[in-house]
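The structure file input.pdb is reproduced below (PDB, C-alpha atoms).
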ATOM      1  CA  MET A   1      -1.727 -28.227  -2.542
ATOM      2  CA  GLY A   2      -5.245 -28.979  -3.761
ATOM      3  CA  LEU A   3      -6.440 -25.490  -2.816
ATOM      4  CA  PHE A   4      -4.262 -23.771  -5.341
ATOM      5  CA  THR A   5      -5.729 -23.068  -8.764
ATOM      6  CA  ASN A   6      -2.870 -21.350 -10.579
ATOM      7  CA  LYS A   7       0.915 -21.296 -10.434
ATOM      8  CA  MET A   8       3.444 -19.081 -12.123
ATOM      9  CA  SER A   9       7.212 -18.598 -12.040
ATOM     10  CA  LEU A  10       8.632 -15.322 -10.711
ATOM     11  CA  LYS A  11      12.314 -14.423 -10.289
ATOM     12  CA  ASN A  12      13.181 -18.070  -9.623
ATOM     13  CA  LYS A  13      10.645 -18.106  -6.812
ATOM     14  CA  ARG A  14       7.077 -19.326  -6.996
ATOM     15  CA  ILE A  15       3.807 -17.549  -6.464
ATOM     16  CA  VAL A  16       0.709 -19.592  -5.758
ATOM     17  CA  PHE A  17      -2.858 -18.297  -6.014
ATOM     18  CA  CYS A  18      -6.179 -19.440  -4.620
ATOM     19  CA  SER A  19      -9.547 -17.670  -4.688
ATOM     20  CA  PHE A  20      -8.825 -15.494  -1.655
ATOM     21  CA  VAL A  21      -5.108 -15.945  -1.115
ATOM     22  CA  PHE A  22      -1.999 -14.832  -2.958
ATOM     23  CA  LEU A  23       0.794 -16.999  -1.577
ATOM     24  CA  PHE A  24       4.351 -15.858  -2.122
ATOM     25  CA  PHE A  25       6.128 -19.240  -2.147
ATOM     26  CA  LEU A  26       9.768 -18.402  -1.492
ATOM     27  CA  ASN A  27      13.072 -20.102  -0.938
ATOM     28  CA  VAL A  28      12.926 -21.475   2.585
ATOM     29  CA  LEU A  29      14.870 -19.418   5.130
ATOM     30  CA  ALA A  30      15.311 -20.200   8.787
ATOM     31  CA  TRP A  31      12.955 -18.190  10.971
ATOM     32  CA  SER A  32      14.404 -16.608  14.070
ATOM     33  CA  THR A  33      13.181 -14.245  16.730
ATOM     34  CA  VAL A  34      16.369 -12.222  16.342
ATOM     35  CA  PHE A  35      16.977 -10.378  13.061
ATOM     36  CA  ASP A  36      19.868  -8.680  11.372
ATOM     37  CA  LEU A  37      18.304  -5.346  10.371
ATOM     38  CA  ASN A  38      20.205  -5.315   7.067
ATOM     39  CA  SER A  39      19.712  -8.863   5.772
ATOM     40  CA  GLN A  40      16.376  -9.884   7.270
ATOM     41  CA  SER A  41      14.436  -6.644   7.203
ATOM     42  CA  LEU A  42      11.254  -5.410   5.595
ATOM     43  CA  GLU A  43      11.432  -1.938   4.098
ATOM     44  CA  VAL A  44       8.478   0.379   3.540
ATOM     45  CA  VAL A  45       9.138   3.668   1.747
ATOM     46  CA  PHE A  46       6.504   6.389   1.665
ATOM     47  CA  PHE A  47       7.563   8.375  -1.377
ATOM     48  CA  ASP A  48       7.273  12.129  -1.588
ATOM     49  CA  VAL A  49       5.422  12.394  -4.914
ATOM     50  CA  ASP A  50       3.856  15.795  -4.198
ATOM     51  CA  GLN A  51       0.072  15.610  -3.667
ATOM     52  CA  GLY A  52      -0.471  11.870  -3.936
ATOM     53  CA  ASP A  53       0.292   8.409  -2.559
ATOM     54  CA  ALA A  54       3.040   6.002  -3.569
ATOM     55  CA  ILE A  55       4.372   3.353  -1.194
ATOM     56  CA  PHE A  56       7.163   0.891  -1.989
ATOM     57  CA  ILE A  57       7.532  -2.334  -0.016
ATOM     58  CA  GLU A  58      10.460  -4.729  -0.254
ATOM     59  CA  THR A  59      10.389  -8.006   1.656
ATOM     60  CA  PRO A  60      13.495  -9.736   3.034
ATOM     61  CA  GLN A  61      13.312 -12.059   0.009
ATOM     62  CA  GLU A  62      13.435  -8.987  -2.284
ATOM     63  CA  HIS A  63       9.851  -9.142  -3.464
ATOM     64  CA  GLN A  64       8.806  -5.651  -4.532
ATOM     65  CA  ILE A  65       5.299  -4.305  -4.025
ATOM     66  CA  LEU A  66       4.115  -0.847  -5.075
ATOM     67  CA  ILE A  67       0.937   0.607  -3.581
ATOM     68  CA  ASP A  68      -0.270   3.485  -5.800
ATOM     69  CA  GLY A  69       1.973   5.617  -7.992
ATOM     70  CA  GLY A  70       1.244   9.257  -7.240
ATOM     71  CA  PRO A  71       0.168  11.892  -9.765
ATOM     72  CA  SER A  72       3.105  11.913 -12.199
ATOM     73  CA  SER A  73       6.203  10.267 -13.652
ATOM     74  CA  ILE A  74       8.233  11.287 -10.586
ATOM     75  CA  ILE A  75       7.545   7.752  -9.345
ATOM     76  CA  LEU A  76      10.091   6.484 -11.874
ATOM     77  CA  GLU A  77      12.815   8.592 -10.278
ATOM     78  CA  LYS A  78      11.810   7.335  -6.841
ATOM     79  CA  LEU A  79      11.847   3.679  -7.895
ATOM     80  CA  GLY A  80      15.244   4.197  -9.503
ATOM     81  CA  LYS A  81      16.665   5.101  -6.103
ATOM     82  CA  GLU A  82      15.253   2.008  -4.387
ATOM     83  CA  MET A  83      15.667  -0.661  -7.073
ATOM     84  CA  PRO A  84      18.851  -1.833  -8.836
ATOM     85  CA  PHE A  85      19.287  -0.140 -12.223
ATOM     86  CA  TRP A  86      19.035  -3.497 -13.997
ATOM     87  CA  ASP A  87      15.807  -4.543 -12.261
ATOM     88  CA  ARG A  88      12.817  -3.786 -14.483
ATOM     89  CA  THR A  89      10.319  -6.110 -12.842
ATOM     90  CA  ILE A  90       7.857  -5.329 -10.057
ATOM     91  CA  ASP A  91       6.181  -8.304  -8.448
ATOM     92  CA  LEU A  92       2.903  -6.675  -7.454
ATOM     93  CA  ILE A  93       1.131  -3.365  -7.973
ATOM     94  CA  ILE A  94      -1.810  -2.426  -5.784
ATOM     95  CA  LEU A  95      -4.018   0.411  -7.000
ATOM     96  CA  THR A  96      -6.148   1.486  -4.053
ATOM     97  CA  HIS A  97      -8.556   3.437  -6.281
ATOM     98  CA  PRO A  98      -8.390   4.970  -9.774
ATOM     99  CA  GLU A  99      -8.049   8.674  -8.944
ATOM    100  CA  HIS A 100      -5.404  10.841 -10.656
ATOM    101  CA  ASP A 101      -3.153  11.235  -7.614
ATOM    102  CA  HIS A 102      -2.902   7.449  -7.249
ATOM    103  CA  ILE A 103      -3.175   6.046 -10.786
ATOM    104  CA  ALA A 104      -1.235   8.484 -13.005
ATOM    105  CA  GLY A 105       2.188   7.373 -11.785
ATOM    106  CA  LEU A 106       1.243   3.705 -12.114
ATOM    107  CA  ILE A 107       0.519   4.290 -15.796
ATOM    108  CA  GLU A 108       4.139   5.431 -16.180
ATOM    109  CA  VAL A 109       5.328   2.403 -14.215
ATOM    110  CA  LEU A 110       3.427   0.049 -16.524
ATOM    111  CA  LYS A 111       5.172   1.661 -19.510
ATOM    112  CA  ARG A 112       8.641   1.204 -18.018
ATOM    113  CA  TYR A 113       8.494  -1.960 -15.894
ATOM    114  CA  ARG A 114       7.264  -5.500 -16.342
ATOM    115  CA  VAL A 115       4.594  -6.046 -13.710
ATOM    116  CA  GLU A 116       3.821  -9.610 -12.672
ATOM    117  CA  GLN A 117       0.581  -9.053 -10.763
ATOM    118  CA  VAL A 118      -1.964  -6.294 -10.230
ATOM    119  CA  LEU A 119      -4.504  -6.035  -7.427
ATOM    120  CA  TRP A 120      -7.183  -3.356  -7.747
ATOM    121  CA  THR A 121     -10.881  -2.718  -7.223
ATOM    122  CA  GLY A 122     -12.132  -2.748 -10.813
ATOM    123  CA  VAL A 123     -14.177   0.398 -10.129
ATOM    124  CA  VAL A 124     -15.016   2.250 -13.359
ATOM    125  CA  GLN A 125     -13.934   5.823 -14.078
ATOM    126  CA  GLU A 126     -14.747   7.689 -17.268
ATOM    127  CA  THR A 127     -11.392   9.384 -17.748
ATOM    128  CA  GLY A 128      -8.580   9.201 -20.248
ATOM    129  CA  GLU A 129      -6.223   7.945 -17.547
ATOM    130  CA  TYR A 130      -8.583   5.119 -16.686
ATOM    131  CA  LYS A 131      -8.798   4.071 -20.343
ATOM    132  CA  GLU A 132      -5.012   4.113 -20.655
ATOM    133  CA  TRP A 133      -4.697   2.079 -17.445
ATOM    134  CA  GLN A 134      -7.007  -0.580 -18.876
ATOM    135  CA  GLU A 135      -5.141  -0.672 -22.178
ATOM    136  CA  LEU A 136      -1.757  -1.034 -20.482
ATOM    137  CA  LEU A 137      -3.014  -3.818 -18.225
ATOM    138  CA  GLU A 138      -4.151  -5.747 -21.279
ATOM    139  CA  LYS A 139      -0.847  -5.110 -23.050
ATOM    140  CA  GLN A 140       1.213  -6.134 -20.007
ATOM    141  CA  GLY A 141      -0.545  -9.436 -19.570
ATOM    142  CA  ALA A 142      -0.109  -9.251 -15.802
ATOM    143  CA  GLU A 143      -2.104 -11.510 -13.514
ATOM    144  CA  ILE A 144      -5.040  -9.329 -12.385
ATOM    145  CA  THR A 145      -7.050  -9.845  -9.219
ATOM    146  CA  ILE A 146     -10.066  -7.822  -8.087
ATOM    147  CA  SER A 147      -9.782  -6.960  -4.417
ATOM    148  CA  GLN A 148     -12.169  -7.705  -1.585
ATOM    149  CA  THR A 149     -12.088  -8.528   2.098
ATOM    150  CA  GLY A 150     -10.339 -11.759   3.032
ATOM    151  CA  GLN A 151      -7.641 -11.821   0.375
ATOM    152  CA  GLN A 152      -4.081 -12.277   1.572
ATOM    153  CA  ILE A 153      -0.659 -11.771   0.056
ATOM    154  CA  ILE A 154       1.656 -14.045   2.002
ATOM    155  CA  PHE A 155       5.451 -14.035   2.101
ATOM    156  CA  THR A 156       7.937 -15.687   4.426
ATOM    157  CA  GLY A 157       7.529 -14.141   7.861
ATOM    158  CA  GLY A 158       4.471 -12.052   7.088
ATOM    159  CA  GLY A 159       1.838 -10.913   4.652
ATOM    160  CA  ILE A 160      -0.778  -8.368   3.640
ATOM    161  CA  GLU A 161      -4.469  -8.788   4.390
ATOM    162  CA  ILE A 162      -7.134  -6.903   2.449
ATOM    163  CA  LEU A 163      -9.690  -5.357   4.833
ATOM    164  CA  HIS A 164     -11.723  -3.286   2.347
ATOM    165  CA  PRO A 165     -13.660  -3.210   0.021
ATOM    166  CA  PHE A 166     -16.069  -5.620   1.696
ATOM    167  CA  GLN A 167     -17.175  -7.132  -1.640
ATOM    168  CA  SER A 168     -16.095  -7.054  -5.270
ATOM    169  CA  LEU A 169     -16.683  -3.683  -6.912
ATOM    170  CA  GLN A 170     -15.671  -4.767 -10.405
ATOM    171  CA  GLY A 171     -17.481  -2.812 -13.100
ATOM    172  CA  GLU A 172     -19.245  -0.516 -10.657
ATOM    173  CA  LYS A 173     -19.520   3.258 -11.029
ATOM    174  CA  THR A 174     -19.659   5.491  -7.981
ATOM    175  CA  LYS A 175     -19.604   9.178  -7.152
ATOM    176  CA  SER A 176     -17.271   8.516  -4.225
ATOM    177  CA  VAL A 177     -14.291   6.703  -5.716
ATOM    178  CA  ASN A 178     -12.179   7.614  -2.683
ATOM    179  CA  ASN A 179     -14.492   5.568  -0.497
ATOM    180  CA  THR A 180     -13.890   2.438  -2.585
ATOM    181  CA  SER A 181     -10.219   2.472  -1.572
ATOM    182  CA  ILE A 182      -8.414  -0.713  -0.727
ATOM    183  CA  VAL A 183      -7.528  -0.807   2.963
ATOM    184  CA  ALA A 184      -4.733  -3.275   3.693
ATOM    185  CA  ARG A 185      -2.761  -4.360   6.756
ATOM    186  CA  LEU A 186       0.834  -5.517   6.356
ATOM    187  CA  VAL A 187       2.240  -7.784   9.060
ATOM    188  CA  PHE A 188       5.891  -8.782   9.422
ATOM    189  CA  GLY A 189       6.782 -10.735  12.527
ATOM    190  CA  GLY A 190       5.492  -8.668  15.429
ATOM    191  CA  ASN A 191       5.203  -5.430  13.451
ATOM    192  CA  SER A 192       2.347  -4.122  11.330
ATOM    193  CA  PHE A 193       1.501  -1.303   8.915
ATOM    194  CA  LEU A 194      -1.985  -0.109   7.922
ATOM    195  CA  PHE A 195      -2.569   1.425   4.479
ATOM    196  CA  THR A 196      -5.887   3.224   3.998
ATOM    197  CA  GLY A 197      -5.853   4.859   0.561
ATOM    198  CA  ASP A 198      -8.330   7.750   0.589
ATOM    199  CA  ALA A 199     -11.054   5.929   2.524
ATOM    200  CA  PHE A 200     -13.406   8.231   4.425
ATOM    201  CA  LYS A 201     -14.493   8.117   8.050
ATOM    202  CA  SER A 202     -17.580   6.101   7.081
ATOM    203  CA  VAL A 203     -15.378   3.203   5.955
ATOM    204  CA  GLU A 204     -13.114   3.578   8.993
ATOM    205  CA  ARG A 205     -16.125   3.355  11.304
ATOM    206  CA  LYS A 206     -17.468   0.280   9.510
ATOM    207  CA  LEU A 207     -14.099  -1.433  10.013
ATOM    208  CA  VAL A 208     -14.238  -0.581  13.716
ATOM    209  CA  LYS A 209     -17.849  -1.784  13.994
ATOM    210  CA  LYS A 210     -17.004  -5.084  12.276
ATOM    211  CA  GLY A 211     -14.281  -5.739  14.834
ATOM    212  CA  VAL A 212     -11.565  -5.974  12.201
ATOM    213  CA  LYS A 213      -8.058  -6.227  13.634
ATOM    214  CA  LEU A 214      -6.645  -2.765  12.985
ATOM    215  CA  VAL A 215      -3.912  -2.266  15.594
ATOM    216  CA  SER A 216      -0.693  -1.343  13.781
ATOM    217  CA  ASP A 217       2.691   0.183  14.519
ATOM    218  CA  VAL A 218       2.513   2.453  11.484
ATOM    219  CA  LEU A 219      -0.561   4.080   9.929
ATOM    220  CA  LYS A 220      -0.664   5.650   6.484
ATOM    221  CA  VAL A 221      -3.149   8.404   7.274
ATOM    222  CA  GLY A 222      -6.198   8.413   5.009
ATOM    223  CA  HIS A 223      -6.767  10.919   2.205
ATOM    224  CA  HIS A 224      -3.532  12.887   2.689
ATOM    225  CA  GLY A 225      -4.579  14.066   6.141
ATOM    226  CA  SER A 226      -7.940  15.468   5.019
ATOM    227  CA  LYS A 227     -10.643  15.919   7.644
ATOM    228  CA  THR A 228     -12.755  13.447   5.637
ATOM    229  CA  SER A 229     -10.671  10.667   7.210
ATOM    230  CA  SER A 230      -9.068   9.774  10.560
ATOM    231  CA  ALA A 231     -12.125   9.340  12.777
ATOM    232  CA  ALA A 232     -11.078   9.443  16.417
ATOM    233  CA  GLU A 233     -12.493   5.967  17.183
ATOM    234  CA  PHE A 234     -10.607   4.541  14.225
ATOM    235  CA  ILE A 235      -7.301   6.112  15.249
ATOM    236  CA  GLU A 236      -7.845   4.821  18.775
ATOM    237  CA  LYS A 237      -8.354   1.260  17.496
ATOM    238  CA  VAL A 238      -5.309   1.382  15.226
ATOM    239  CA  SER A 239      -3.248   2.848  18.078
ATOM    240  CA  PRO A 240      -0.180   3.487  15.913
ATOM    241  CA  GLU A 241       3.224   4.548  17.145
ATOM    242  CA  ILE A 242       3.811   6.411  13.873
ATOM    243  CA  ALA A 243       1.385   8.119  11.471
ATOM    244  CA  VAL A 244       2.599   8.989   7.972
ATOM    245  CA  ILE A 245       0.853  11.701   5.962
ATOM    246  CA  GLN A 246       1.560  11.833   2.220
ATOM    247  CA  CYS A 247       0.769  15.282   0.868
ATOM    248  CA  GLY A 248       2.321  17.976  -1.302
ATOM    249  CA  LYS A 249       4.118  21.010   0.060
ATOM    250  CA  ASP A 250       1.787  24.042   0.184
ATOM    251  CA  ASN A 251      -0.942  22.020  -1.551
ATOM    252  CA  ARG A 252      -4.147  23.831  -2.514
ATOM    253  CA  TYR A 253      -6.308  21.552  -0.368
ATOM    254  CA  GLY A 254      -4.724  22.609   2.910
ATOM    255  CA  HIS A 255      -3.703  19.035   3.746
ATOM    256  CA  PRO A 256      -3.139  17.923   6.382
ATOM    257  CA  HIS A 257      -6.173  19.461   8.056
ATOM    258  CA  PRO A 258      -5.715  20.857  11.587
ATOM    259  CA  GLU A 259      -8.543  18.594  12.776
ATOM    260  CA  THR A 260      -6.640  15.502  11.648
ATOM    261  CA  LEU A 261      -3.404  16.670  13.237
ATOM    262  CA  ALA A 262      -5.242  17.377  16.480
ATOM    263  CA  THR A 263      -6.735  13.870  16.512
ATOM    264  CA  LEU A 264      -3.328  12.264  16.009
ATOM    265  CA  GLU A 265      -1.739  14.483  18.631
ATOM    266  CA  LYS A 266      -4.528  13.651  21.082
ATOM    267  CA  PHE A 267      -3.374  10.035  21.057
ATOM    268  CA  GLY A 268       0.321  10.925  21.311
ATOM    269  CA  ILE A 269       1.195   9.584  17.856
ATOM    270  CA  LYS A 270       4.443  10.553  16.140
ATOM    271  CA  ILE A 271       3.539  12.343  12.883
ATOM    272  CA  LEU A 272       5.730  12.150   9.786
ATOM    273  CA  ARG A 273       4.844  14.179   6.681
ATOM    274  CA  THR A 274       6.294  13.855   3.198
ATOM    275  CA  ASP A 275       5.727  17.568   2.539
ATOM    276  CA  LEU A 276       8.129  18.318   5.385
ATOM    277  CA  LYS A 277      10.524  15.356   5.372
ATOM    278  CA  GLY A 278      10.508  14.081   1.788
ATOM    279  CA  ASP A 279      10.676  10.300   1.339
ATOM    280  CA  ILE A 280      10.104   8.411   4.579
ATOM    281  CA  LYS A 281      11.682   4.965   4.942
ATOM    282  CA  ILE A 282      10.618   2.722   7.805
ATOM    283  CA  VAL A 283      12.413  -0.574   8.365
ATOM    284  CA  SER A 284      11.140  -3.527  10.403
ATOM    285  CA  ASN A 285      13.158  -6.490  11.623
ATOM    286  CA  GLY A 286      10.011  -8.205  12.875
ATOM    287  CA  ASN A 287      10.511  -7.024  16.444
ATOM    288  CA  TYR A 288      10.591  -3.262  16.124
ATOM    289  CA  VAL A 289      10.325  -0.534  13.500
ATOM    290  CA  LYS A 290      12.962   2.093  12.794
ATOM    291  CA  ILE A 291      12.690   5.336  10.828
ATOM    292  CA  GLU A 292      15.807   4.887   8.739
ATOM    293  CA  ASN A 293      16.165   8.344   7.238
ATOM    294  CA  GLU A 294      14.978  10.427  10.201
ATOM    295  CA  LYS A 295      16.922  13.652  10.598
TER     296      LYS A 295
END
Go ahead and render the structure in this file as structure tokens.
Amino acid sequence: MGLFTNKMSLKNKRIVFCSFVFLFFLNVLAWSTVFDLNSQSLEVVFFDVDQGDAIFIETPQEHQILIDGGPSSIILEKLGKEMPFWDRTIDLIILTHPEHDHIAGLIEVLKRYRVEQVLWTGVVQETGEYKEWQELLEKQGAEITISQTGQQIIFTGGGIEILHPFQSLQGEKTKSVNNTSIVARLVFGGNSFLFTGDAFKSVERKLVKKGVKLVSDVLKVGHHGSKTSSAAEFIEKVSPEIAVIQCGKDNRYGHPHPETLATLEKFGIKILRTDLKGDIKIVSNGNYVKIENEK
């Protein structure tokens, strides 16, 4: 236990931190290669929040993680459908990057829910939303960690590894905030999910060049299906069974771009879009993934 530098209580379970590891220390449960999909499953919900990203993860031990919050308060309605009405605590929020279509909904979440931990890049934006985000973080008193490669969020049976940014970006200003996005890989048993924020092809290619383990069953397609993301060599390395595109119906950007769709189709990947299907829930029992609400 000497590695751990901080401990805190959370929902009668313990969370342990070290410099590059978040360790979800949970009640011990027997591990088995055979799962009951209902009681021992991981759920990942890609919310339809119009033109934006918001992804809700619930572990078998009922830890709740929210990656981005979309562009509006609609996230509150979405969370209300997935969380018990009496539950006003979220264990971890991950803000991939502080752009409107990712941060605005999280501001509403911080006003309504108690958030235990926040992981984000620390990149500076000179906007009113950014200022409000900073003020709410201070008011909340949540444990804040600045993201960089090598960090892990570990829970029984799996975890999330941070693949990008490659170094701390705290306090930095940049013209390309999208390209500072957190890229994270969630593993549960033999299944995996890759979340890419709005990272561009340049970041995707660097990940490929570095030999980072990218292969995943499910890919959250970068930048809402824009042609700025989804480099062919990156998609080939990820080799997903399912690609999820979060974008708004009839959005003014024309997302997803035909070039992106063609790349995904080239590799025979099943494409799911929130603008066409609404919320998309994918459940893993550690052996296989299932699209729970597929029509």
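With only C-alpha atoms taken into account, every residue lying no more than 9 Å from the file point (5.7, 13.2, -7.1) is included here: Phe47, Asp48, Val49, Asp50, Gln51, Gly52, Asp53, Ala54, Gly69, Gly70, Pro71, Ser72, Ser73, Ile74, Ile75, Lys78, Gly105 and Gly248 of chain A.
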Mind dumping the selected residues with C-alpha atoms as a compact mmCIF listing (two decimals), keeping the file's coordinate frame?
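Below is the file result10.txt, written as the result:
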# COMPACT_ATOMS: atom_id res chain seq x y z
CA PHE A 47 7.56 8.38 -1.38
CA ASP A 48 7.27 12.13 -1.59
CA VAL A 49 5.42 12.39 -4.91
CA ASP A 50 3.86 15.80 -4.20
CA GLN A 51 0.07 15.61 -3.67
CA GLY A 52 -0.47 11.87 -3.94
CA ASP A 53 0.29 8.41 -2.56
CA ALA A 54 3.04 6.00 -3.57
CA GLY A 69 1.97 5.62 -7.99
CA GLY A 70 1.24 9.26 -7.24
CA PRO A 71 0.17 11.89 -9.76
CA SER A 72 3.10 11.91 -12.20
CA SER A 73 6.20 10.27 -13.65
CA ILE A 74 8.23 11.29 -10.59
CA ILE A 75 7.54 7.75 -9.35
CA LYS A 78 11.81 7.34 -6.84
CA GLY A 105 2.19 7.37 -11.78
CA GLY A 248 2.32 17.98 -1.30
Study note, to complete from the structure: Counting all atoms listed in the file, the residue among A:Ile146, A:Val183, A:Leu261, A:Val218 that lies closest to Ser230 in chain A is A:Leu261
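Those DNA, RNA and protein residues that approach the point (-17.3, 3.7, -2.4) to within 9 Å, considering only C-alpha atoms, are A:Val123, A:Pro165, A:Leu169, A:Lys173, A:Thr174, A:Lys175, A:Ser176, A:Val177, A:Asn178, A:Asn179, A:Thr180, A:Ser181, A:Ala199, A:Val203.
Near Arg273 in chain A, within 10 Å and counting only C-alpha atoms, sit Phe46, Asp48, Val221, His224, Gly225, Ala243, Val244, Ile245, Gln246, Cys247, Gly248, Lys249, Pro256, Leu276, Lys277, Gly278, Asp279 and Ile280 of chain A; same-chain residues fewer than 3 positions away were not included.
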Written as a compact mmCIF listing (two decimals) with C-alpha atoms, in the frame of the given file, what is the full residue list that the PyMOL selection byres ((chain A and resi 116) around 8) yields on the file shown?
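Just written: part.txt:
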# COMPACT_ATOMS: atom_id res chain seq x y z
CA LEU A 10 8.63 -15.32 -10.71
CA THR A 89 10.32 -6.11 -12.84
CA ILE A 90 7.86 -5.33 -10.06
CA ASP A 91 6.18 -8.30 -8.45
CA LEU A 92 2.90 -6.68 -7.45
CA ARG A 114 7.26 -5.50 -16.34
CA VAL A 115 4.59 -6.05 -13.71
CA GLN A 117 0.58 -9.05 -10.76
CA VAL A 118 -1.96 -6.29 -10.23
CA ALA A 142 -0.11 -9.25 -15.80
CA GLU A 143 -2.10 -11.51 -13.51
